[in-house]
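K.L.:
Structure file start18.txt (compact mmCIF, C-alpha atoms and all ligand atoms) is given on the next line.
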```txt
# COMPACT_ATOMS: atom_id res chain seq x y z
CA MET A 159 -16.96 15.75 3.77
CA GLU A 160 -20.27 15.05 5.43
CA ASN A 161 -20.85 11.40 4.53
CA LEU A 162 -17.57 10.05 5.83
CA LEU A 163 -17.77 7.28 8.33
CA PRO A 164 -17.14 8.84 11.75
CA LYS A 165 -13.74 7.86 13.03
CA GLU A 166 -15.16 6.46 16.28
CA LYS A 167 -16.86 3.70 14.27
CA GLN A 168 -13.58 2.58 12.77
CA ALA A 169 -12.14 1.53 16.11
CA GLU A 170 -13.20 0.11 19.42
CA PHE A 171 -12.78 2.57 22.31
CA HIS A 172 -12.37 1.81 26.02
CA LEU A 173 -11.95 4.00 29.08
CA LEU A 174 -8.42 3.66 30.46
CA LYS A 175 -7.15 5.13 33.71
CA LEU A 176 -4.35 7.65 33.48
CA ALA A 177 -1.55 6.35 35.72
CA LYS A 178 1.16 8.92 34.95
CA LYS A 179 1.53 12.23 33.18
CA GLN A 180 4.87 13.88 32.60
CA GLU A 181 6.10 16.99 30.87
CA LEU A 182 9.12 15.99 28.75
CA THR A 183 10.15 19.22 27.04
CA LYS A 184 8.57 22.65 26.58
CA ASN A 185 6.09 21.23 24.05
CA THR A 186 5.98 17.48 24.58
CA PHE A 187 4.58 15.24 27.29
CA SER A 188 3.91 11.59 28.00
CA LEU A 189 0.80 9.81 29.24
CA GLU A 190 0.80 6.37 30.79
CA PHE A 191 -2.38 4.29 31.03
CA GLU A 192 -3.22 1.27 33.15
CA ILE A 193 -4.62 -1.71 31.29
CA PRO A 194 -7.16 -3.55 33.45
CA LYS A 195 -7.05 -7.35 33.41
CA ASN A 196 -10.32 -7.64 31.49
CA LEU A 197 -8.92 -5.52 28.62
CA LYS A 198 -5.47 -7.11 28.35
CA SER A 199 -6.28 -9.01 25.16
CA GLN A 200 -7.88 -5.99 23.44
CA PHE A 201 -4.82 -3.85 24.19
CA LYS A 202 -2.22 -6.40 23.16
CA PHE A 203 -0.04 -4.57 20.65
CA GLU A 204 3.13 -4.81 18.59
CA ALA A 205 6.03 -2.38 18.82
CA GLY A 206 5.49 0.48 16.38
CA GLN A 207 1.68 0.59 16.67
CA TYR A 208 -0.53 3.46 17.80
CA VAL A 209 -3.87 4.18 19.47
CA THR A 210 -6.43 6.94 18.92
CA LEU A 211 -7.40 9.10 21.90
CA LYS A 212 -10.87 10.61 21.94
CA TYR A 213 -11.00 13.75 24.05
CA PRO A 214 -12.77 17.10 24.20
CA SER A 215 -11.12 20.43 23.51
CA LYS A 216 -12.82 23.80 23.20
CA GLY A 217 -16.29 22.29 22.83
CA GLU A 218 -15.32 19.78 20.13
CA MET A 219 -14.48 16.10 20.22
CA TYR A 220 -11.02 15.24 18.89
CA TYR A 221 -9.72 11.91 17.59
CA ASN A 222 -5.96 11.92 17.42
CA ASP A 223 -3.48 9.11 16.86
CA PHE A 224 -0.44 8.67 19.10
CA SER A 225 2.23 5.98 18.91
CA MET A 226 3.08 3.85 21.88
CA THR A 227 6.48 4.45 23.46
CA SER A 228 6.08 1.46 25.74
CA ALA A 229 7.15 -1.95 24.52
CA PRO A 230 4.59 -4.77 24.38
CA PHE A 231 6.21 -6.56 27.35
CA GLU A 232 5.73 -3.53 29.64
CA LYS A 233 2.76 -3.38 32.00
CA ASN A 234 1.29 -0.01 31.08
CA LEU A 235 0.61 1.63 27.75
CA SER A 236 2.59 4.87 27.30
CA LEU A 237 2.34 7.56 24.67
CA GLY A 238 4.48 10.54 23.66
CA ILE A 239 2.54 13.63 22.56
CA LYS A 240 3.47 16.97 21.06
CA ILE A 241 1.71 20.30 21.52
CA ASN A 242 2.17 21.72 18.05
CA GLN A 243 0.98 25.22 18.81
CA GLU A 244 -0.74 27.30 21.49
CA GLU A 245 -4.25 26.39 20.33
CA SER A 246 -3.57 22.66 19.76
CA SER A 247 -6.13 20.31 21.25
CA THR A 248 -3.25 18.35 22.79
CA LYS A 249 -2.59 21.30 25.09
CA ASP A 250 -6.04 20.73 26.63
CA LEU A 251 -5.38 17.01 26.74
CA PHE A 252 -2.33 17.75 28.87
CA HIS A 253 -4.01 20.29 31.16
CA ASP A 254 -7.52 18.82 31.50
CA PHE A 255 -6.69 15.25 32.47
CA GLU A 256 -5.15 14.34 35.82
CA ILE A 257 -3.77 11.09 37.16
CA GLY A 258 -6.71 8.85 38.06
CA ASP A 259 -8.95 10.28 35.31
CA PHE A 260 -10.29 8.05 32.56
CA VAL A 261 -9.61 8.73 28.87
CA GLU A 262 -11.20 7.04 25.85
CA VAL A 263 -8.51 5.03 24.10
CA SER A 264 -8.93 2.94 20.95
CA THR A 265 -7.56 -0.54 20.59
CA PRO A 266 -4.06 -0.55 19.01
CA LYS A 267 -3.53 -0.43 15.25
CA GLY A 268 -0.85 0.33 12.67
CA ARG A 269 1.56 -1.50 10.37
CA PHE A 270 4.88 0.11 11.35
CA THR A 271 5.89 -3.22 12.81
CA LEU A 272 8.81 -5.65 12.46
CA VAL A 273 8.94 -9.41 12.65
CA SER A 274 10.87 -10.38 15.79
CA LYS A 275 13.93 -12.58 15.15
CA PRO A 276 15.35 -13.46 18.56
CA ASP A 277 17.81 -16.03 17.18
CA GLU A 278 19.41 -13.83 14.54
CA PHE A 279 22.33 -11.41 14.60
CA ARG A 280 20.74 -8.28 13.13
CA THR A 281 21.70 -4.64 12.65
CA ILE A 282 18.80 -2.22 12.76
CA ILE A 283 19.00 1.53 12.42
CA GLY A 284 16.44 4.14 13.37
CA PHE A 285 16.06 7.72 12.17
CA ALA A 286 13.69 9.87 14.19
CA GLY A 287 12.74 13.52 14.04
CA GLY A 288 11.33 15.10 17.24
CA ILE A 289 8.25 13.35 18.55
CA GLY A 290 8.71 10.81 15.72
CA ILE A 291 10.89 8.98 18.24
CA THR A 292 7.82 7.41 19.86
CA PRO A 293 7.29 4.22 17.79
CA ILE A 294 11.05 3.78 17.36
CA LEU A 295 11.51 3.89 21.13
CA SER A 296 8.93 1.12 21.47
CA HIS A 297 10.71 -0.92 18.79
CA PHE A 298 14.15 -0.43 20.31
CA LYS A 299 13.04 -1.35 23.84
CA ASN A 300 11.35 -4.42 22.44
CA ILE A 301 14.36 -5.49 20.39
CA LEU A 302 16.80 -4.95 23.27
CA HIS A 303 14.53 -7.11 25.42
CA HIS A 304 13.82 -9.93 22.97
CA GLU A 305 16.77 -10.06 20.60
CA PRO A 306 20.00 -10.50 22.53
CA ARG A 307 22.18 -10.49 19.40
CA THR A 308 20.68 -7.54 17.55
CA ARG A 309 22.57 -4.26 17.55
CA LEU A 310 20.85 -0.91 17.19
CA PHE A 311 21.85 2.52 15.96
CA LEU A 312 19.65 5.54 16.56
CA PHE A 313 20.06 8.87 14.72
CA TYR A 314 17.79 11.31 16.43
CA GLY A 315 17.21 14.86 15.14
CA ASN A 316 15.79 17.76 17.14
CA LYS A 317 16.02 21.54 17.01
CA THR A 318 17.91 22.12 20.26
CA ARG A 319 19.50 20.19 23.10
CA ASP A 320 16.81 21.05 25.63
CA GLY A 321 14.03 19.98 23.26
CA VAL A 322 14.78 16.25 22.98
CA PRO A 323 11.80 14.15 24.09
CA PHE A 324 12.68 10.93 25.97
CA LYS A 325 16.41 11.75 26.06
CA LYS A 326 16.84 10.49 29.61
CA GLU A 327 15.15 7.18 28.84
CA ILE A 328 17.16 6.72 25.63
CA ASP A 329 20.45 7.54 27.36
CA GLU A 330 19.67 5.07 30.12
CA LEU A 331 18.94 2.35 27.57
CA ALA A 332 22.19 3.13 25.73
CA GLU A 333 24.11 2.97 29.01
CA GLN A 334 22.47 -0.31 29.94
CA HIS A 335 23.17 -1.89 26.54
CA LYS A 336 26.47 -0.17 25.74
CA SER A 337 27.78 -2.86 23.43
CA ARG A 338 24.78 -2.95 21.11
CA PHE A 339 22.83 0.29 21.29
CA HIS A 340 24.45 3.47 19.96
CA VAL A 341 22.67 6.80 19.83
CA HIS A 342 23.68 10.02 18.04
CA TYR A 343 21.77 13.27 18.52
CA PHE A 344 21.57 15.92 15.78
CA TYR A 345 20.50 19.54 16.25
CA SER A 346 19.14 21.74 13.49
CA ARG A 347 19.02 25.04 15.41
CA GLU A 348 21.85 24.86 17.90
CA LYS A 349 25.62 24.89 17.50
CA VAL A 350 27.07 22.09 19.56
CA GLY A 351 30.72 22.41 18.56
CA ASN A 352 30.65 19.52 16.09
CA ALA A 353 29.52 20.30 12.55
CA PHE A 354 28.65 16.66 11.93
CA LEU A 355 25.95 16.78 14.63
CA GLU A 356 24.54 20.08 13.44
CA GLY A 357 21.81 20.42 10.81
CA ARG A 358 18.88 18.34 9.68
CA LEU A 359 18.77 14.62 9.17
CA ASP A 360 18.69 14.40 5.39
CA GLU A 361 20.24 12.68 2.39
CA LYS A 362 23.58 14.44 2.87
CA LYS A 363 23.71 13.49 6.51
CA VAL A 364 23.08 9.84 5.63
CA GLY A 365 26.19 9.95 3.41
CA LEU A 366 28.22 11.34 6.31
CA ILE A 367 26.82 8.80 8.74
CA ILE A 368 27.80 5.97 6.38
CA ASN A 369 31.31 7.34 5.88
CA GLN A 370 32.07 8.53 9.37
CA LEU A 371 30.09 6.34 11.75
CA MET A 372 29.31 3.14 9.95
CA MET A 373 32.58 2.24 8.29
CA ILE A 374 34.25 -0.20 10.60
CA ASP A 375 32.50 -3.32 11.71
CA ASP A 376 34.42 -4.86 14.61
CA THR A 377 32.60 -8.15 14.16
CA ASP A 378 33.38 -8.51 10.47
CA GLU A 379 36.55 -7.17 8.86
CA GLU A 380 35.26 -7.91 5.39
CA SER A 381 32.38 -5.50 5.47
CA THR A 382 31.29 -2.14 6.86
CA LEU A 383 28.63 -1.56 9.49
CA TRP A 384 26.40 -0.06 6.82
CA ASP A 385 26.71 -3.25 4.74
CA SER A 386 25.30 -5.20 7.63
CA VAL A 387 22.15 -3.10 8.06
CA ASP A 388 19.10 -5.39 7.91
CA GLU A 389 16.24 -3.00 8.61
CA VAL A 390 15.78 0.76 8.68
CA LEU A 391 13.05 2.45 10.71
CA ILE A 392 12.23 6.09 9.98
CA CYS A 393 9.64 8.23 11.70
CA GLY A 394 8.94 11.96 11.47
CA LYS A 395 7.72 14.49 8.97
CA GLY A 396 7.13 13.68 5.30
CA GLU A 397 10.06 15.60 3.83
CA MET A 398 12.49 14.03 6.28
CA ILE A 399 11.19 10.54 5.52
CA LYS A 400 11.37 11.12 1.79
CA SER A 401 14.95 12.33 1.98
CA LEU A 402 16.16 9.58 4.33
CA ALA A 403 14.28 6.71 2.65
CA ASN A 404 15.66 7.65 -0.76
CA ALA A 405 19.15 8.04 0.67
CA CYS A 406 19.02 4.60 2.29
CA PHE A 407 17.65 3.09 -0.91
CA HIS A 408 20.38 4.72 -3.04
CA HIS A 409 22.95 3.42 -0.59
CA GLY A 410 21.82 -0.15 -1.17
CA ILE A 411 19.04 -0.91 1.33
CA PRO A 412 16.11 -2.62 -0.43
CA LYS A 413 12.80 -0.75 -0.16
CA LYS A 414 11.16 -3.65 1.60
CA ASN A 415 13.62 -3.20 4.47
CA ILE A 416 13.00 0.53 4.82
CA HIS A 417 10.01 1.04 7.09
CA PHE A 418 8.54 4.41 7.84
CA GLU A 419 5.69 6.06 9.66
CA LEU A 420 4.50 9.52 8.64
CA PHE A 421 3.75 11.90 11.49
CA GLU A 422 1.83 14.38 9.38
CA GLU A 423 -0.42 14.41 6.34
CA TYR A 424 1.87 14.13 3.35
CA ASN A 425 0.62 13.71 -0.18
CA ASP A 426 3.87 13.67 -2.09
CA ASP A 427 5.40 10.38 -3.23
CA ILE A 428 8.12 9.01 -0.96
CA TYR A 429 9.91 7.35 -3.87
CA PRO A 430 9.80 9.15 -7.24
CA GLN A 431 7.71 7.65 -10.03
CA GLU A 432 9.93 6.65 -12.93
CA LYS A 433 7.50 5.50 -15.62
CA GLU A 434 5.35 7.70 -17.93
CA PHE A 435 1.70 6.79 -18.55
CA PRO A 436 -0.93 7.88 -21.09
CA MET A 437 -2.89 10.73 -19.61
CA MET A 438 -6.48 9.97 -18.52
CA GLU A 439 -8.86 12.74 -17.49
CA ASP A 440 -12.16 12.93 -15.57
CA ILE A 441 -11.96 9.42 -14.21
CA GLU A 442 -15.12 8.16 -12.53
CA VAL A 443 -14.32 6.20 -9.39
CA GLU A 444 -16.69 4.14 -7.28
CA PHE A 445 -15.44 2.52 -4.12
CA LYS A 446 -16.64 0.74 -1.03
CA LEU A 447 -15.03 1.51 2.29
CA PHE A 448 -16.14 0.60 5.84
CA ASP A 449 -19.51 -0.57 4.48
CA LYS A 450 -20.23 2.65 2.62
CA GLU A 451 -20.37 3.26 -1.12
CA TYR A 452 -18.68 6.37 -2.51
CA LYS A 453 -18.58 7.97 -5.95
CA THR A 454 -16.09 10.58 -7.02
CA THR A 455 -14.23 11.93 -10.03
CA LEU A 456 -10.47 12.14 -10.36
CA LYS A 457 -9.23 15.07 -12.42
CA ASN A 458 -6.58 12.92 -14.09
CA ASN A 459 -4.19 10.05 -13.41
CA LYS A 460 -1.08 12.10 -12.66
CA MET A 461 -1.20 11.04 -9.04
CA ARG A 462 -1.77 7.55 -7.73
CA LEU A 463 -5.20 6.41 -6.61
CA LEU A 464 -4.58 6.62 -2.83
CA GLN A 465 -3.05 10.07 -3.04
CA GLN A 466 -6.05 11.42 -4.95
CA LEU A 467 -8.59 9.91 -2.57
CA LEU A 468 -6.72 11.29 0.43
CA ILE A 469 -6.60 14.76 -1.10
CA GLN A 470 -10.38 14.51 -1.44
CA LYS A 471 -10.42 13.67 2.30
CA TYR A 472 -11.73 10.11 2.08
CA PRO A 473 -10.65 8.07 5.13
CA VAL A 474 -8.77 5.45 3.08
CA PRO A 475 -6.40 3.41 5.23
CA TYR A 476 -2.68 3.76 4.56
CA SER A 477 0.67 3.68 6.24
CA CYS A 478 3.81 3.38 4.08
CA LYS A 479 2.43 4.78 0.79
CA SER A 480 5.12 2.74 -0.94
CA GLY A 481 3.63 -0.66 -1.67
CA ILE A 482 5.21 -2.27 1.36
CA CYS A 483 2.75 -2.47 4.25
CA GLY A 484 -0.53 -3.53 2.62
CA SER A 485 -2.70 -1.03 4.54
CA CYS A 486 -4.28 0.32 1.34
CA GLU A 487 -5.00 -3.12 -0.14
CA CYS A 488 -8.27 -3.32 -2.07
CA VAL A 489 -9.94 -5.36 -4.82
CA LEU A 490 -10.20 -4.03 -8.34
CA GLU A 491 -13.76 -4.79 -9.45
CA GLU A 492 -13.84 -2.79 -12.69
CA GLY A 493 -11.34 -0.84 -14.80
CA GLU A 494 -7.58 -0.95 -15.13
CA VAL A 495 -4.63 0.18 -13.06
CA GLU A 496 -0.88 -0.25 -13.27
CA LEU A 497 0.66 -1.36 -10.00
CA LEU A 498 4.01 0.43 -9.92
CA GLU A 499 5.61 -1.44 -7.08
CA ASN A 500 4.46 -4.22 -4.86
CA GLU A 501 6.37 -5.73 -1.97
CA TYR A 502 3.22 -6.95 -0.26
CA LEU A 503 0.77 -8.85 -2.46
CA THR A 504 1.52 -12.38 -3.55
CA GLN A 505 1.17 -13.31 -7.24
CA LYS A 506 -1.94 -15.26 -6.34
CA GLU A 507 -3.48 -12.19 -4.68
CA GLU A 508 -2.61 -10.03 -7.68
CA LYS A 509 -4.24 -12.57 -9.97
CA ALA A 510 -7.33 -12.50 -7.76
CA GLY A 511 -7.61 -8.78 -8.51
CA LYS A 512 -6.03 -7.30 -5.41
CA ILE A 513 -4.18 -4.04 -5.78
CA LEU A 514 -2.46 -1.48 -3.55
CA ALA A 515 -4.10 1.93 -3.92
CA CYS A 516 -0.88 3.77 -3.02
CA MET A 517 0.95 2.24 -5.97
CA SER A 518 -1.89 2.22 -8.51
CA VAL A 519 -1.96 4.51 -11.51
CA VAL A 520 -5.47 4.52 -13.04
CA LEU A 521 -5.51 3.58 -16.73
CA SER A 522 -9.25 3.54 -17.47
CA LYS A 523 -12.02 6.16 -17.51
CA LYS A 524 -14.03 4.20 -14.98
CA LEU A 525 -12.80 2.39 -11.91
CA LYS A 526 -14.49 0.39 -9.21
CA VAL A 527 -12.60 -0.82 -6.15
CA ASN A 528 -13.55 -2.36 -2.83
CA PHE A 529 -11.53 -1.77 0.34
CA ASP A 530 -13.83 -4.01 2.37
CA LEU A 531 -13.14 -7.28 0.60
CA ILE A 532 -9.85 -8.04 2.28
S1 LIG B 1 0.01 2.33 2.13
FE1 LIG B 1 1.41 0.72 2.47
S2 LIG B 1 1.08 -0.55 0.73
FE2 LIG B 1 -0.16 1.15 0.35
```
Is it possible to give me this structure as structure tokens?
Ligand code: FES
P.N.:
Amino acid sequence: MENLLPKEKQAEFHLLKLAKKQELTKNTFSLEFEIPKNLKSQFKFEAGQYVTLKYPSKGEMYYNDFSMTSAPFEKNLSLGIKINQEESSTKDLFHDFEIGDFVEVSTPKGRFTLVSKPDEFRTIIGFAGGIGITPILSHFKNILHHEPRTRLFLFYGNKTRDGVPFKKEIDELAEQHKSRFHVHYFYSREKVGNAFLEGRLDEKKVGLIINQLMMIDDTDEESTLWDSVDEVLICGKGEMIKSLANACFHHGIPKKNIHFELFEEYNDDIYPQEKEFPMMEDIEVEFKLFDKEYKTTLKNNKMRLLQQLLIQKYPVPYSCKSGICGSCECVLEEGEVELLENEYLTQKEEKAGKILACMSVVLSKKLKVNFDLI
């Protein structure tokens, strides 16, 4: 779409020096950048956030997002990156940049974050698929460092044993924090002599994890380990997130405590829509985003507003797509929507006309929203 705001204008970029580059598995690698003193405040980040790298590949400029694997207290900023296929631009990123070179890196962003609670006794579980481990690794390092009472469980799925990014680092952390960090690896394409650890991380596997691994809580005879789960972090591909988030929800974890980060474009709903609405067709939508005015038509209201705008390739901000993170917050200036779920906006904000595009079903023929009035 030719009139989209170029991605470079949506973020502030700085040249950072590559301090370390390491091949992790056959198709993943890590990059570590030095943060000079004068840029420390710009590159202050929270666990779970990401940066955009701007780099050339085959005559084109690429803007790709990568989550930090480093924790905020660490000196350098580290990323984990996957080479999806032979012709991926990330392959050039790996081969063309050497230690000492400078790369354009955006300031950190993202809402896959958690409030730190150093004084509480918490149980947090993480589900990661492949390179989806990156933000969860940052979270876990951060929690182990800042929350002495919190215990962590990681369920990490990969295809084979020799294709597990960051395994050494994770195993070292688990060894160092034996009493409160437990990791279980799952393999979808390799027999490892234990059926429980074979296969994908999905709804069925969550049931097995609850019944086989999270039954007994040594610190509390009255309840199970699963009962004590406070927060769930999930990161990977859309289908995996959908399956795991729904499983956790059906097993009693409130949606507001299930946090996820999608590592691919995914336009399906994470949680199924339960309510039926009167069908609207040919809906005229006007919206303002990053100082630009757009006009478009939605075929109907079967899908939510955010989903439809993303399908039409508008750069609308989002993260959870479930009414939890607030990334898609906007102001309804004209028309009507039904907000299906909202764990983010206060009643006062809703009254002031704020809505979440990811949870909004359009109920009028004309709609005007503003993403810039936040
Ligand atoms: S994308 Fe998170 S609330 Fe809409």
K.L.:
Please find the residues contacting ligand LIG 1 (chain B) at a distance of at most 7 Å between atoms, with all atoms listed in the file counted, and report them as a ChimeraX atom specification.
P.N.:
/A:476-487,502,514-517
K.L.:
Work out how far atom CA of Gly288 of chain A is from atom CA of Ile241 of chain A, in Å to one decimal.
P.N.:
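So the two atoms, atom CA of Ile241 of chain A and atom CA of Gly288 of chain A, lie 11.7 Å apart.
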K.L.:
Counting all atoms listed in the file, what is within 9 Å of Ser386 of chain A, bar same-chain residues fewer than 5 positions away, as an NGL selection string?
P.N.:
:A and (280-282 or 375 or 381)
K.L.:
Please report the interatomic distance between atom CA of Leu189 of chain A and atom CA of Ser236 of chain A in Å with one decimal.
P.N.:
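Pair atom CA of Leu189 of chain A / atom CA of Ser236 of chain A returns 5.6 Å.
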K.L.:
From the options A:His253, A:Lys240, A:Arg307, A:Lys395, which residue's atoms come nearest to Tyr424 of chain A, counting only C-alpha atoms?
P.N.:
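Closest residue, counting only C-alpha atoms: A:Lys395.
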